[in-house]
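Novice: Quick one, data.csv (CSV, C-alpha atoms (C1' of nucleotides)):
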```
chain,number,residue,atom,x,y,z
Y,247,MET,CA,0.0,0.0,0.0
Y,248,ARG,CA,1.4,3.4,-1.0
Y,249,ASP,CA,1.8,6.1,1.6
Y,250,VAL,CA,-1.0,8.2,0.1
Y,251,GLU,CA,-3.4,5.3,0.4
Y,252,ARG,CA,-2.3,4.6,3.8
Y,253,GLU,CA,-3.0,8.2,4.9
Y,254,GLU,CA,-6.4,8.1,3.3
Y,255,SER,CA,-7.5,5.0,5.1
Y,256,ASP,CA,-6.2,6.5,8.4
Y,257,ARG,CA,-8.3,9.5,7.8
Y,258,ASP,CA,-11.3,7.3,7.0
Y,259,ALA,CA,-10.9,5.4,10.2
Y,260,GLU,CA,-10.6,8.7,12.1
Y,261,VAL,CA,-13.8,10.0,10.5
Y,262,GLU,CA,-15.6,6.7,11.3
Y,263,ARG,CA,-14.5,6.8,14.9
Y,264,ALA,CA,-15.7,10.4,15.2
Y,265,LEU,CA,-19.1,9.5,13.7
Y,266,HIS,CA,-19.4,6.6,16.2
Y,267,LEU,CA,-18.7,8.9,19.1
Y,268,TRP,CA,-21.3,11.3,17.8
Y,269,VAL,CA,-23.9,8.5,17.7
Y,270,VAL,CA,-23.0,7.4,21.2
Y,271,LEU,CA,-23.1,11.0,22.5
Y,272,SER,CA,-26.5,11.5,21.0
Y,273,ARG,CA,-27.9,8.3,22.5
Y,274,ALA,CA,-26.5,9.0,26.0
Y,275,HIS,CA,-27.9,12.5,25.9
Y,276,ALA,CA,-31.3,11.4,24.7
Y,277,ALA,CA,-31.5,8.7,27.4
Y,278,VAL,CA,-30.6,11.0,30.3
Y,279,ALA,CA,-32.8,13.8,28.8
Y,280,ALA,CA,-35.8,11.4,28.7
Y,281,GLN,CA,-35.4,10.7,32.4
Y,282,ALA,CA,-35.0,14.4,33.3
Y,283,ARG,CA,-38.0,15.3,31.1
Y,284,ALA,CA,-40.1,12.6,32.7
Y,285,ASP,CA,-39.2,13.9,36.2
Y,286,VAL,CA,-40.0,17.5,35.6
Y,287,ALA,CA,-43.2,16.7,33.7
Y,288,ARG,CA,-44.6,15.3,36.9
Y,289,HIS,CA,-44.6,18.9,38.1
Y,290,GLY,CA,-46.0,20.3,34.9
Y,291,LEU,CA,-42.7,21.7,33.7
Y,292,THR,CA,-40.7,21.3,30.5
Y,293,LEU,CA,-36.9,20.9,30.6
Y,294,GLY,CA,-36.6,24.5,29.4
Y,295,GLU,CA,-38.8,25.9,32.1
Y,296,PHE,CA,-37.0,23.8,34.7
Y,297,GLY,CA,-33.7,24.9,33.4
Y,298,VAL,CA,-34.6,28.6,33.9
Y,299,LEU,CA,-35.9,27.9,37.5
Y,300,GLU,CA,-32.7,25.9,38.3
Y,301,VAL,CA,-30.3,28.6,37.2
Y,302,LEU,CA,-32.2,31.2,39.1
Y,303,HIS,CA,-32.3,28.9,42.1
Y,304,HIS,CA,-28.5,28.6,42.1
Y,305,LYS,CA,-27.4,32.0,40.9
Y,306,GLY,CA,-30.1,34.3,42.1
Y,307,PRO,CA,-31.5,37.1,39.9
Y,308,LEU,CA,-29.9,37.3,36.4
Y,309,LEU,CA,-30.4,39.3,33.2
Y,310,LEU,CA,-32.7,37.6,30.7
Y,311,GLY,CA,-29.7,37.3,28.3
Y,312,GLU,CA,-27.6,35.6,30.9
Y,313,VAL,CA,-30.3,33.0,31.6
Y,314,GLN,CA,-30.6,32.5,27.8
Y,315,GLN,CA,-26.9,31.5,27.5
Y,316,LYS,CA,-27.2,29.1,30.4
Y,317,VAL,CA,-30.3,27.2,29.2
Y,318,LEU,CA,-29.3,27.2,25.5
Y,319,VAL,CA,-32.4,28.7,23.9
Y,320,SER,CA,-33.0,31.4,21.3
Y,321,SER,CA,-33.8,35.0,22.2
Y,322,GLY,CA,-37.4,34.3,21.3
Y,323,GLY,CA,-37.3,31.2,23.4
Y,324,ILE,CA,-36.1,32.9,26.6
Y,325,THR,CA,-38.9,35.5,26.3
Y,326,TRP,CA,-41.4,32.8,25.8
Y,327,LEU,CA,-40.1,30.8,28.8
Y,328,ALA,CA,-40.0,33.8,31.1
Y,329,ASN,CA,-43.6,34.7,30.1
Y,330,ARG,CA,-44.9,31.3,30.8
Y,331,LEU,CA,-43.2,31.1,34.2
Y,332,GLU,CA,-44.3,34.7,35.0
Y,333,GLU,CA,-47.9,33.8,34.2
Y,334,ARG,CA,-47.7,31.0,36.7
Y,335,GLY,CA,-46.2,33.2,39.3
Y,336,LEU,CA,-42.9,31.4,39.6
Y,337,VAL,CA,-40.6,34.2,38.4
Y,338,GLU,CA,-40.8,37.9,38.0
Y,339,ARG,CA,-39.2,40.5,35.8
Y,340,ARG,CA,-37.6,43.7,37.0
Y,341,ARG,CA,-36.4,46.3,34.5
Y,342,SER,CA,-32.8,47.2,35.1
Y,343,THR,CA,-32.4,50.9,36.1
Y,344,ASP,CA,-28.9,51.4,34.7
Y,345,ASP,CA,-29.7,49.8,31.3
Y,346,ARG,CA,-33.3,50.2,30.5
Y,347,ARG,CA,-33.2,47.7,27.6
Y,348,ALA,CA,-32.4,44.9,30.0
Y,349,SER,CA,-34.5,43.0,32.4
Y,350,PHE,CA,-33.6,40.9,35.5
Y,351,VAL,CA,-35.5,37.7,36.2
Y,352,ALA,CA,-35.8,36.3,39.7
Y,353,LEU,CA,-37.7,33.6,41.4
Y,354,THR,CA,-40.8,34.7,43.3
Y,355,PRO,CA,-41.3,33.3,46.8
Y,356,ALA,CA,-43.6,30.7,45.2
Y,357,GLY,CA,-40.9,29.8,42.7
Y,358,ALA,CA,-38.2,29.5,45.3
Y,359,ARG,CA,-40.5,27.3,47.4
Y,360,LEU,CA,-41.2,25.0,44.4
Y,361,MET,CA,-37.5,24.6,43.7
Y,362,ARG,CA,-36.7,23.8,47.3
Y,363,ARG,CA,-39.4,21.2,47.2
Y,364,ILE,CA,-38.6,19.4,43.9
Y,365,PHE,CA,-35.0,20.1,43.1
Y,366,PRO,CA,-33.3,17.6,45.5
Y,367,ALA,CA,-35.4,14.6,44.2
Y,368,HIS,CA,-34.7,15.8,40.6
Y,369,ALA,CA,-31.0,15.9,41.3
Y,370,ARG,CA,-31.0,12.4,42.8
Y,371,ARG,CA,-32.8,11.1,39.8
Y,372,ILE,CA,-30.2,12.5,37.4
Y,373,ALA,CA,-27.5,11.0,39.6
Y,374,ARG,CA,-29.2,7.7,39.4
Y,375,ALA,CA,-29.5,8.0,35.6
Y,376,LEU,CA,-25.8,8.6,35.5
Y,377,SER,CA,-24.9,5.9,38.0
Y,378,GLY,CA,-23.7,3.5,35.3
Y,379,LEU,CA,-20.4,5.3,35.7
Y,380,ASP,CA,-18.6,5.3,39.1
Y,381,ALA,CA,-17.1,8.4,40.6
Y,382,GLU,CA,-13.8,8.2,38.8
Y,383,ALA,CA,-15.4,7.5,35.4
Y,384,GLN,CA,-17.8,10.4,35.9
Y,385,ARG,CA,-14.8,12.7,36.5
Y,386,GLN,CA,-13.1,11.4,33.3
Y,387,ALA,CA,-16.3,11.8,31.3
Y,388,THR,CA,-16.8,15.3,32.5
Y,389,ASP,CA,-13.3,16.3,31.6
Y,390,LEU,CA,-13.5,14.8,28.1
Y,391,LEU,CA,-16.9,16.3,27.4
Y,392,ARG,CA,-15.9,19.7,28.6
Y,393,THR,CA,-13.0,19.7,26.2
Y,394,LEU,CA,-15.2,18.4,23.5
Y,395,GLY,CA,-17.9,20.9,24.1
Y,396,ARG,CA,-15.5,23.8,24.3
Y,397,HIS,CA,-13.8,22.9,21.1
Y,398,ALA,CA,-17.0,22.3,19.1
Y,399,ALA,CA,-18.6,25.5,20.3
Y,400,ALA,CA,-15.5,27.5,19.4
Y,401,HIS,CA,-15.7,26.2,15.9
Y,402,ASP,CA,-19.4,26.9,15.7
Y,403,GLU,CA,-18.9,29.5,13.0
Y,404,GLY,CA,-16.3,29.3,10.3
Y,405,GLU,CA,-17.7,26.6,8.1
Y,406,PRO,CA,-16.0,26.4,4.8
Y,407,PRO,CA,-18.1,26.3,1.6
Y,408,GLU,CA,-19.2,22.9,0.3
Y,409,GLY,CA,-16.3,20.9,-1.3
X,3,MET,CA,-18.3,15.2,62.1
X,4,ARG,CA,-20.4,12.1,62.9
X,5,ASP,CA,-20.5,9.2,60.5
X,6,VAL,CA,-24.1,10.0,59.4
X,7,GLU,CA,-23.2,13.5,58.5
X,8,ARG,CA,-20.1,12.3,56.7
X,9,GLU,CA,-22.2,9.9,54.6
X,10,GLU,CA,-24.7,12.6,53.8
X,11,SER,CA,-22.1,15.0,52.5
X,12,ASP,CA,-20.5,12.2,50.5
X,13,ARG,CA,-23.9,11.7,48.9
X,14,ASP,CA,-24.3,15.4,48.2
X,15,ALA,CA,-20.9,15.6,46.5
X,16,GLU,CA,-21.9,12.6,44.4
X,17,VAL,CA,-25.2,14.2,43.3
X,18,GLU,CA,-23.4,17.4,42.5
X,19,ARG,CA,-20.8,15.7,40.4
X,20,ALA,CA,-23.5,13.9,38.5
X,21,LEU,CA,-25.4,17.2,37.9
X,22,HIS,CA,-22.2,18.7,36.6
X,23,LEU,CA,-21.7,15.8,34.2
X,24,TRP,CA,-25.3,16.3,33.0
X,25,VAL,CA,-24.7,19.9,32.3
X,26,VAL,CA,-21.4,19.2,30.4
X,27,LEU,CA,-23.0,16.4,28.5
X,28,SER,CA,-25.9,18.7,27.4
X,29,ARG,CA,-23.6,21.4,26.3
X,30,ALA,CA,-21.3,19.1,24.4
X,31,HIS,CA,-24.3,17.5,22.6
X,32,ALA,CA,-25.8,20.9,21.8
X,33,ALA,CA,-22.5,22.2,20.4
X,34,VAL,CA,-22.0,19.2,18.1
X,35,ALA,CA,-25.7,19.1,17.1
X,36,ALA,CA,-25.6,22.8,16.1
X,37,GLN,CA,-22.8,22.0,13.7
X,38,ALA,CA,-24.5,18.9,12.3
X,39,ARG,CA,-27.8,20.9,11.9
X,40,ALA,CA,-26.0,23.8,10.2
X,41,ASP,CA,-24.4,21.3,7.8
X,42,VAL,CA,-27.5,19.4,6.8
X,43,ALA,CA,-29.6,22.6,6.6
X,44,ARG,CA,-27.4,23.7,3.6
X,45,HIS,CA,-29.1,20.8,1.8
X,46,GLY,CA,-32.6,21.6,3.0
X,47,LEU,CA,-32.7,18.8,5.5
X,48,THR,CA,-33.4,18.6,9.2
X,49,LEU,CA,-31.3,16.3,11.5
X,50,GLY,CA,-34.2,13.9,11.7
X,51,GLU,CA,-34.5,13.7,7.9
X,52,PHE,CA,-30.8,13.3,7.5
X,53,GLY,CA,-30.8,10.6,10.2
X,54,VAL,CA,-33.3,8.6,8.3
X,55,LEU,CA,-31.4,8.9,5.0
X,56,GLU,CA,-28.1,8.0,6.8
X,57,VAL,CA,-29.4,4.8,8.4
X,58,LEU,CA,-30.9,3.7,5.0
X,59,HIS,CA,-27.6,4.6,3.3
X,60,HIS,CA,-25.7,2.4,5.6
X,61,LYS,CA,-28.1,-0.5,6.3
X,62,GLY,CA,-30.2,-0.7,3.2
X,63,PRO,CA,-34.0,-1.0,3.3
X,64,LEU,CA,-35.5,-1.3,6.8
X,65,LEU,CA,-38.9,-1.5,8.4
X,66,LEU,CA,-40.2,1.8,9.5
X,67,GLY,CA,-40.1,0.7,13.1
X,68,GLU,CA,-36.4,-0.2,12.8
X,69,VAL,CA,-35.6,3.2,11.4
X,70,GLN,CA,-37.6,4.8,14.2
X,71,GLN,CA,-35.4,3.2,16.9
X,72,LYS,CA,-32.3,4.3,15.2
X,73,VAL,CA,-33.2,7.9,14.8
X,74,LEU,CA,-34.9,8.2,18.2
X,75,VAL,CA,-38.2,9.7,17.2
X,76,SER,CA,-41.8,8.8,18.1
X,77,SER,CA,-44.0,6.6,16.0
X,78,GLY,CA,-45.8,9.7,14.7
X,79,GLY,CA,-42.5,11.3,14.0
X,80,ILE,CA,-41.2,8.5,11.8
X,81,THR,CA,-44.4,8.5,9.7
X,82,TRP,CA,-44.0,12.2,9.3
X,83,LEU,CA,-40.3,12.0,8.3
X,84,ALA,CA,-41.0,9.2,5.9
X,85,ASN,CA,-43.8,11.2,4.3
X,86,ARG,CA,-41.6,14.3,3.9
X,87,LEU,CA,-38.8,12.3,2.3
X,88,GLU,CA,-41.2,10.4,0.1
X,89,GLU,CA,-42.8,13.6,-1.2
X,90,ARG,CA,-39.3,14.8,-2.1
X,91,GLY,CA,-38.6,11.5,-3.9
X,92,LEU,CA,-35.7,10.6,-1.7
X,93,VAL,CA,-37.2,7.4,-0.2
X,94,GLU,CA,-40.0,5.0,-1.0
X,95,ARG,CA,-42.2,2.7,1.0
X,96,ARG,CA,-42.9,-0.9,0.1
X,97,ARG,CA,-45.5,-2.8,2.0
X,98,SER,CA,-44.1,-6.0,3.4
X,99,THR,CA,-45.7,-9.1,2.0
X,100,ASP,CA,-45.3,-11.5,4.9
X,101,ASP,CA,-46.5,-9.0,7.5
X,102,ARG,CA,-49.0,-6.7,5.9
X,103,ARG,CA,-49.0,-4.3,8.8
X,104,ALA,CA,-45.4,-3.4,8.2
X,105,SER,CA,-43.7,-1.2,5.6
X,106,PHE,CA,-40.1,-1.2,4.4
X,107,VAL,CA,-38.4,2.1,3.6
X,108,ALA,CA,-35.6,2.4,1.1
X,109,LEU,CA,-33.6,5.1,-0.6
X,110,THR,CA,-34.7,5.9,-4.1
X,111,PRO,CA,-31.9,6.2,-6.7
X,112,ALA,CA,-32.1,10.0,-6.2
X,113,GLY,CA,-31.8,9.6,-2.4
X,114,ALA,CA,-28.8,7.3,-2.8
X,115,ARG,CA,-27.2,9.8,-5.1
X,116,LEU,CA,-27.8,12.6,-2.7
X,117,MET,CA,-26.2,10.7,0.2
X,118,ARG,CA,-23.2,9.7,-1.9
X,119,ARG,CA,-22.8,13.4,-2.7
X,120,ILE,CA,-23.3,15.0,0.7
X,121,PHE,CA,-22.4,12.3,3.3
X,122,PRO,CA,-18.6,12.4,3.1
X,123,ALA,CA,-18.4,16.1,3.7
X,124,HIS,CA,-20.9,15.8,6.5
X,125,ALA,CA,-18.9,13.1,8.2
X,126,ARG,CA,-15.7,15.2,7.9
X,127,ARG,CA,-17.5,18.1,9.5
X,128,ILE,CA,-18.6,16.0,12.5
X,129,ALA,CA,-15.0,14.7,12.8
X,130,ARG,CA,-13.8,18.3,12.9
X,131,ALA,CA,-16.3,19.3,15.5
X,132,LEU,CA,-15.1,16.4,17.7
X,133,SER,CA,-11.4,17.0,17.0
X,134,GLY,CA,-10.9,18.6,20.3
X,135,LEU,CA,-10.3,15.1,21.5
X,136,ASP,CA,-7.4,13.0,20.0
X,137,ALA,CA,-7.9,9.4,18.9
X,138,GLU,CA,-7.3,7.9,22.3
X,139,ALA,CA,-9.5,10.4,24.1
X,140,GLN,CA,-12.3,9.7,21.6
X,141,ARG,CA,-12.1,6.0,22.2
X,142,GLN,CA,-12.3,6.7,26.0
X,143,ALA,CA,-15.2,9.0,25.6
X,144,THR,CA,-17.0,6.5,23.4
X,145,ASP,CA,-16.6,3.8,26.0
X,146,LEU,CA,-17.8,5.9,28.8
X,147,LEU,CA,-20.8,7.3,26.9
X,148,ARG,CA,-21.8,3.9,25.7
X,149,THR,CA,-21.9,2.6,29.3
X,150,LEU,CA,-23.7,5.7,30.4
X,151,GLY,CA,-26.3,5.6,27.7
X,152,ARG,CA,-27.0,1.9,28.2
X,153,HIS,CA,-27.5,2.2,31.9
X,154,ALA,CA,-29.7,5.3,31.6
X,155,ALA,CA,-31.8,3.8,28.9
X,156,ALA,CA,-32.2,0.6,30.9
X,157,HIS,CA,-33.6,2.5,33.8
X,158,ASP,CA,-35.9,4.5,31.6
X,159,GLU,CA,-39.0,3.0,33.1
X,160,GLY,CA,-39.3,2.2,36.8
X,161,GLU,CA,-39.4,5.6,38.3
X,162,PRO,CA,-40.4,5.5,42.0
X,163,PRO,CA,-43.3,7.8,43.2
X,164,GLU,CA,-42.3,11.2,44.5
X,165,GLY,CA,-40.7,11.1,48.0
E,141,DA,C1',-26.3,67.3,20.1
E,142,DC,C1',-26.1,63.8,16.3
E,143,DT,C1',-25.2,59.7,13.5
E,144,DG,C1',-24.2,55.0,13.2
E,145,DG,C1',-23.7,50.8,15.0
E,146,DA,C1',-24.1,47.6,18.7
E,147,DT,C1',-27.0,45.4,22.3
E,148,DA,C1',-31.3,43.6,25.0
E,149,DT,C1',-35.6,42.2,24.5
E,150,DC,C1',-40.0,41.3,22.2
E,151,DT,C1',-43.2,39.7,18.3
E,152,DC,C1',-45.1,36.3,15.6
E,153,DA,C1',-45.6,33.2,11.8
E,154,DG,C1',-43.7,28.8,11.0
E,155,DT,C1',-41.6,24.2,12.2
E,156,DG,C1',-40.5,19.7,13.6
E,157,DC,C1',-41.7,17.2,16.1
E,158,DT,C1',-44.8,14.5,20.4
E,159,DG,C1',-48.3,11.5,22.3
E,160,DA,C1',-52.8,9.8,22.5
E,161,DG,C1',-55.9,7.4,20.0
E,162,DG,C1',-57.3,4.2,16.2
E,163,DG,C1',-57.4,0.9,12.2
E,164,DT,C1',-55.5,-3.3,10.5
E,165,DT,C1',-53.0,-7.4,10.8
E,166,DT,C1',-50.6,-11.0,13.4
E,167,DT,C1',-49.8,-14.0,17.4
E,168,DC,C1',-50.8,-16.6,21.4
E,169,DG,C1',-53.4,-19.3,24.7
E,170,DC,C1',-57.1,-22.0,24.9
Q,147,DG,C1',-60.1,-21.8,15.0
Q,148,DC,C1',-61.7,-18.2,18.2
Q,149,DG,C1',-61.2,-14.2,21.1
Q,150,DA,C1',-58.0,-11.3,23.3
Q,151,DA,C1',-53.8,-9.1,23.3
Q,152,DA,C1',-50.0,-7.3,20.9
Q,153,DA,C1',-47.5,-5.2,17.0
Q,154,DC,C1',-47.1,-2.1,13.2
Q,155,DC,C1',-48.3,2.1,11.3
Q,156,DC,C1',-51.2,6.3,10.6
Q,157,DT,C1',-54.0,10.5,12.0
Q,158,DC,C1',-54.3,14.8,14.1
Q,159,DA,C1',-54.4,18.2,17.6
Q,160,DG,C1',-51.2,20.5,20.2
Q,161,DC,C1',-46.7,22.0,22.0
Q,162,DA,C1',-42.2,24.0,22.8
Q,163,DC,C1',-39.8,26.1,20.8
Q,164,DT,C1',-36.9,28.7,16.4
Q,165,DG,C1',-35.4,32.5,13.4
Q,166,DA,C1',-36.1,36.7,11.2
Q,167,DG,C1',-37.3,41.1,11.9
Q,168,DA,C1',-38.9,45.0,14.9
Q,169,DT,C1',-38.4,48.2,18.8
Q,170,DA,C1',-36.0,50.5,22.4
Q,171,DT,C1',-31.9,51.8,24.4
Q,172,DC,C1',-27.0,52.6,24.9
Q,173,DC,C1',-22.4,54.2,23.5
Q,174,DA,C1',-18.4,56.0,20.7
Q,175,DG,C1',-16.8,59.3,17.7
Q,176,DT,C1',-17.4,63.8,16.0
```
Kindly return the structure encoded in the file as structure tokens.

Specialist:
Amino acid sequence: MRDVEREESDRDAEVERALHLWVVLSRAHAAVAAQARADVARHGLTLGEFGVLEVLHHKGPLLLGEVQQKVLVSSGGITWLANRLEERGLVERRRSTDDRRASFVALTPAGARLMRRIFPAHARRIARALSGLDAEAQRQATDLLRTLGRHAAAHDEGEPPEG
Amino acid sequence: MRDVEREESDRDAEVERALHLWVVLSRAHAAVAAQARADVARHGLTLGEFGVLEVLHHKGPLLLGEVQQKVLVSSGGITWLANRLEERGLVERRRSTDDRRASFVALTPAGARLMRRIFPAHARRIARALSGLDAEAQRQATDLLRTLGRHAAAHDEGEPPEG
DNA sequence: ACTGGATATCTCAGTGCTGAGGGTTTTCGC
DNA sequence: GCGAAAACCCTCAGCACTGAGATATCCAGT
């Protein structure tokens, strides 16, 4: 086999390995997400809604845009989520005084009470869904996925034209 | 610190580590999915549609139900995807003769041509998105995620009542 | 002040599904 | 072979968003 061919088949193997990782990543994510979704659905919440409540629960009041980045939705999506949660009395908006374009969102007392009530069991259920890996394996997986995610997100733009 | 408290804080740390892994898993998946989506969108396809074409490209004709499991959509979803792809002339259904409830789906010549044209570049783009990990790290990640996914999917049912 | 450009949020039509229910065909225990 | 249950797929209303564009505000340079 000539060197050129050798390099080509190396590249093919590399691409195939990457595709396999992508499949496995998708399936793992889907399986855990299904559990998380089932859990929050018992309280009448979607994953997006729960995500907003969770970030406010842990970080306190934030700008709408900050919440948007944390829960990975579009700008329209965060407005929609905030509206729904506000209608249910779980969060409230407060217009920022030093930048009047911006709004803070915060848990209402009812929202904070809800999170104190349901968050611990939710967290335990996620932990159980992930318990196929022991402590050390979870640390490894976290490291690998953090590297992976950072790299992939960084190259989010910059796609070359079709070859 | 008493033993009971010690065990409790161990459990808390465990739960927190799991939650962190879940966040990192979600972000990694979202980042790669965004790249994949952007790539297939250039050809007017969604990830679901591309997933159907891809599995048929690699496995040949399959029952609708088999495709459904591979691309992780609901029963209504696979009907919808098959309809859309059939309307565009990329796949065709063929009623099974020995089980007349079931239908096979297969790529049409046009569908097969499309996949031969766009699949290699798509695969390379996925490989590039995952290139933050080297070959060995990708193998590790694949192993960990396979274990994780299998375990989480296995416990998909069997949720205990709220505590 | 004033213009241009950037930033934060909102609006709204459209999308890619989900999930419950239902029709048809097959399988299994009797 | 008969009735019940299960398996395969389809229908359809509804949902949780997305993405493009609009609006309001801020800021830098002049």

Novice: For a test of reading the model, state the distance in Å between CA of Leu394 (chain Y) and CA of Leu147 (chain X), rounded to one decimal.

Specialist: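 Separation of CA of Leu394 (chain Y) and CA of Leu147 (chain X): 12.9 Å.
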
Novice: Dump as a PyMOL selection string the residues of chain Y that approach chain X to within 7 Å, counting only C-alpha atoms.

Specialist: chain Y and resi 261+264-265+267+270-275+277-278+281+369-370+372-373+375-376+378-379+384+387-388+390-395+397-399+401-402

Novice: Distance cut-off 7 Å, counting all atoms listed in the file - which residues of chain X neighbour chain E? Return them as number ranges by chain.

Specialist: X: 76, 79, 102-103

Novice: Once you have the residues from the selection above, write them out as a PDB file, keeping the file's coordinate frame, restricted to C-alpha atoms.

Specialist:
```pdb
ATOM      1  CA  SER X  76     -41.800   8.800  18.100  1.00  0.00           C
ATOM      2  CA  GLY X  79     -42.500  11.300  14.000  1.00  0.00           C
ATOM      3  CA  ARG X 102     -49.000  -6.700   5.900  1.00  0.00           C
ATOM      4  CA  ARG X 103     -49.000  -4.300   8.800  1.00  0.00           C
TER       5      ARG X 103
END
```

Novice: Give me, as a list in words, the contact residues of chain X against chain Q at a cut-off of 9 Å, counting all atoms listed in the file.

Specialist: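 Written out as asked, the residues are Leu66, Gly67, Ser77, Gly78, Thr81, Asp101, Arg102, Arg103, Ala104 and Ser105 of chain X.
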
Novice: If you keep C-alpha atoms, can you produce a file of those selected residues as a short mmCIF file (atom, residue, chain, number, x, y, z; two decimals), keeping the file's coordinate frame?

Specialist:
```
data_model
loop_
_atom_site.label_atom_id
_atom_site.label_comp_id
_atom_site.auth_asym_id
_atom_site.auth_seq_id
_atom_site.Cartn_x
_atom_site.Cartn_y
_atom_site.Cartn_z
CA LEU X 66 -40.20 1.80 9.50
CA GLY X 67 -40.10 0.70 13.10
CA SER X 77 -44.00 6.60 16.00
CA GLY X 78 -45.80 9.70 14.70
CA THR X 81 -44.40 8.50 9.70
CA ASP X 101 -46.50 -9.00 7.50
CA ARG X 102 -49.00 -6.70 5.90
CA ARG X 103 -49.00 -4.30 8.80
CA ALA X 104 -45.40 -3.40 8.20
CA SER X 105 -43.70 -1.20 5.60
#
```

Novice: To one decimal place, how far is CA of Glu89 (chain X) from CA of Arg39 (chain X) in Å?

Specialist: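 CA of Glu89 (chain X) sits 21.2 Å away from CA of Arg39 (chain X).
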
Novice: Emit a file covering region 161-175 of chain Q of the preceding structure with N, CA and C atoms (P, O5', C5', C4', C3', O3' and C1' of nucleotides), as a compact mmCIF listing (two decimals), in the first residue's frame.

Specialist:
```txt
# COMPACT_ATOMS: atom_id res chain seq x y z
P DC Q 161 -51.32 22.54 23.96
O5' DC Q 161 -49.76 22.37 24.07
C5' DC Q 161 -49.23 21.06 24.18
C4' DC Q 161 -47.77 21.09 23.81
C3' DC Q 161 -47.07 22.36 24.27
O3' DC Q 161 -45.86 21.99 24.86
C1' DC Q 161 -46.69 22.01 21.97
P DA Q 162 -45.40 22.78 26.18
O5' DA Q 162 -43.87 22.96 25.84
C5' DA Q 162 -43.15 21.85 25.34
C4' DA Q 162 -42.08 22.36 24.42
C3' DA Q 162 -41.37 23.62 24.92
O3' DA Q 162 -39.99 23.49 24.62
C1' DA Q 162 -42.21 23.99 22.77
P DC Q 163 -38.96 24.38 25.44
O5' DC Q 163 -39.11 25.85 24.82
C5' DC Q 163 -38.14 26.39 23.95
C4' DC Q 163 -38.31 25.87 22.53
C3' DC Q 163 -37.59 26.70 21.49
O3' DC Q 163 -36.28 26.18 21.29
C1' DC Q 163 -39.79 26.06 20.75
P DT Q 164 -35.16 27.24 20.83
O5' DT Q 164 -35.45 27.45 19.28
C5' DT Q 164 -35.37 26.36 18.39
C4' DT Q 164 -35.59 26.85 16.98
C3' DT Q 164 -34.63 27.97 16.55
O3' DT Q 164 -34.21 27.67 15.23
C1' DT Q 164 -36.87 28.73 16.37
P DG Q 165 -32.82 28.30 14.71
O5' DG Q 165 -33.31 29.48 13.77
C5' DG Q 165 -34.46 29.29 12.97
C4' DG Q 165 -34.80 30.59 12.29
C3' DG Q 165 -33.64 31.58 12.20
O3' DG Q 165 -33.76 32.20 10.93
C1' DG Q 165 -35.43 32.54 13.42
P DA Q 166 -32.70 33.17 10.34
O5' DA Q 166 -33.64 34.33 9.79
C5' DA Q 166 -34.97 34.01 9.38
C4' DA Q 166 -35.82 35.25 9.37
C3' DA Q 166 -35.06 36.55 9.10
O3' DA Q 166 -35.88 37.39 8.32
C1' DA Q 166 -36.11 36.69 11.20
P DG Q 167 -35.25 38.79 7.75
O5' DG Q 167 -36.08 39.90 8.54
C5' DG Q 167 -37.50 39.79 8.59
C4' DG Q 167 -38.03 40.61 9.73
C3' DG Q 167 -37.54 42.06 9.78
O3' DG Q 167 -38.67 42.90 9.98
C1' DG Q 167 -37.29 41.05 11.87
P DA Q 168 -38.53 44.50 9.86
O5' DA Q 168 -39.06 44.94 11.30
C5' DA Q 168 -40.31 44.42 11.78
C4' DA Q 168 -40.52 44.88 13.20
C3' DA Q 168 -40.21 46.37 13.43
O3' DA Q 168 -41.25 46.94 14.21
C1' DA Q 168 -38.94 45.02 14.92
P DT Q 169 -41.24 48.56 14.40
O5' DT Q 169 -40.72 48.69 15.91
C5' DT Q 169 -41.30 47.87 16.93
C4' DT Q 169 -40.59 48.14 18.24
C3' DT Q 169 -40.19 49.60 18.47
O3' DT Q 169 -40.62 49.99 19.76
C1' DT Q 169 -38.35 48.18 18.83
P DA Q 170 -40.62 51.53 20.20
O5' DA Q 170 -39.51 51.53 21.34
C5' DA Q 170 -39.57 50.53 22.36
C4' DA Q 170 -38.24 50.48 23.07
C3' DA Q 170 -37.66 51.85 23.42
O3' DA Q 170 -37.39 51.86 24.80
C1' DA Q 170 -36.04 50.51 22.35
P DT Q 171 -36.97 53.20 25.54
O5' DT Q 171 -35.39 53.00 25.69
C5' DT Q 171 -34.91 51.83 26.34
C4' DT Q 171 -33.45 51.64 26.03
C3' DT Q 171 -32.55 52.81 26.44
O3' DT Q 171 -31.84 52.40 27.59
C1' DT Q 171 -31.91 51.80 24.38
P DC Q 172 -30.87 53.42 28.33
O5' DC Q 172 -29.48 53.11 27.60
C5' DC Q 172 -28.83 51.88 27.87
C4' DC Q 172 -27.62 51.76 26.98
C3' DC Q 172 -26.52 52.79 27.24
O3' DC Q 172 -25.34 52.09 27.60
C1' DC Q 172 -26.99 52.59 24.93
P DC Q 173 -24.13 52.91 28.27
O5' DC Q 173 -23.10 53.09 27.07
C5' DC Q 173 -22.86 51.99 26.20
C4' DC Q 173 -22.04 52.46 25.02
C3' DC Q 173 -21.05 53.59 25.33
O3' DC Q 173 -19.79 53.23 24.80
C1' DC Q 173 -22.40 54.16 23.47
P DA Q 174 -18.48 54.09 25.25
O5' DA Q 174 -17.69 54.17 23.87
C5' DA Q 174 -18.09 53.33 22.79
C4' DA Q 174 -17.62 53.93 21.49
C3' DA Q 174 -16.52 54.97 21.63
O3' DA Q 174 -15.61 54.83 20.53
C1' DA Q 174 -18.43 56.01 20.71
P DG Q 175 -14.30 55.77 20.42
O5' DG Q 175 -14.68 56.76 19.22
C5' DG Q 175 -15.27 56.19 18.05
C4' DG Q 175 -15.73 57.30 17.12
C3' DG Q 175 -14.75 58.47 17.02
O3' DG Q 175 -14.76 58.93 15.66
C1' DG Q 175 -16.84 59.27 17.74
```
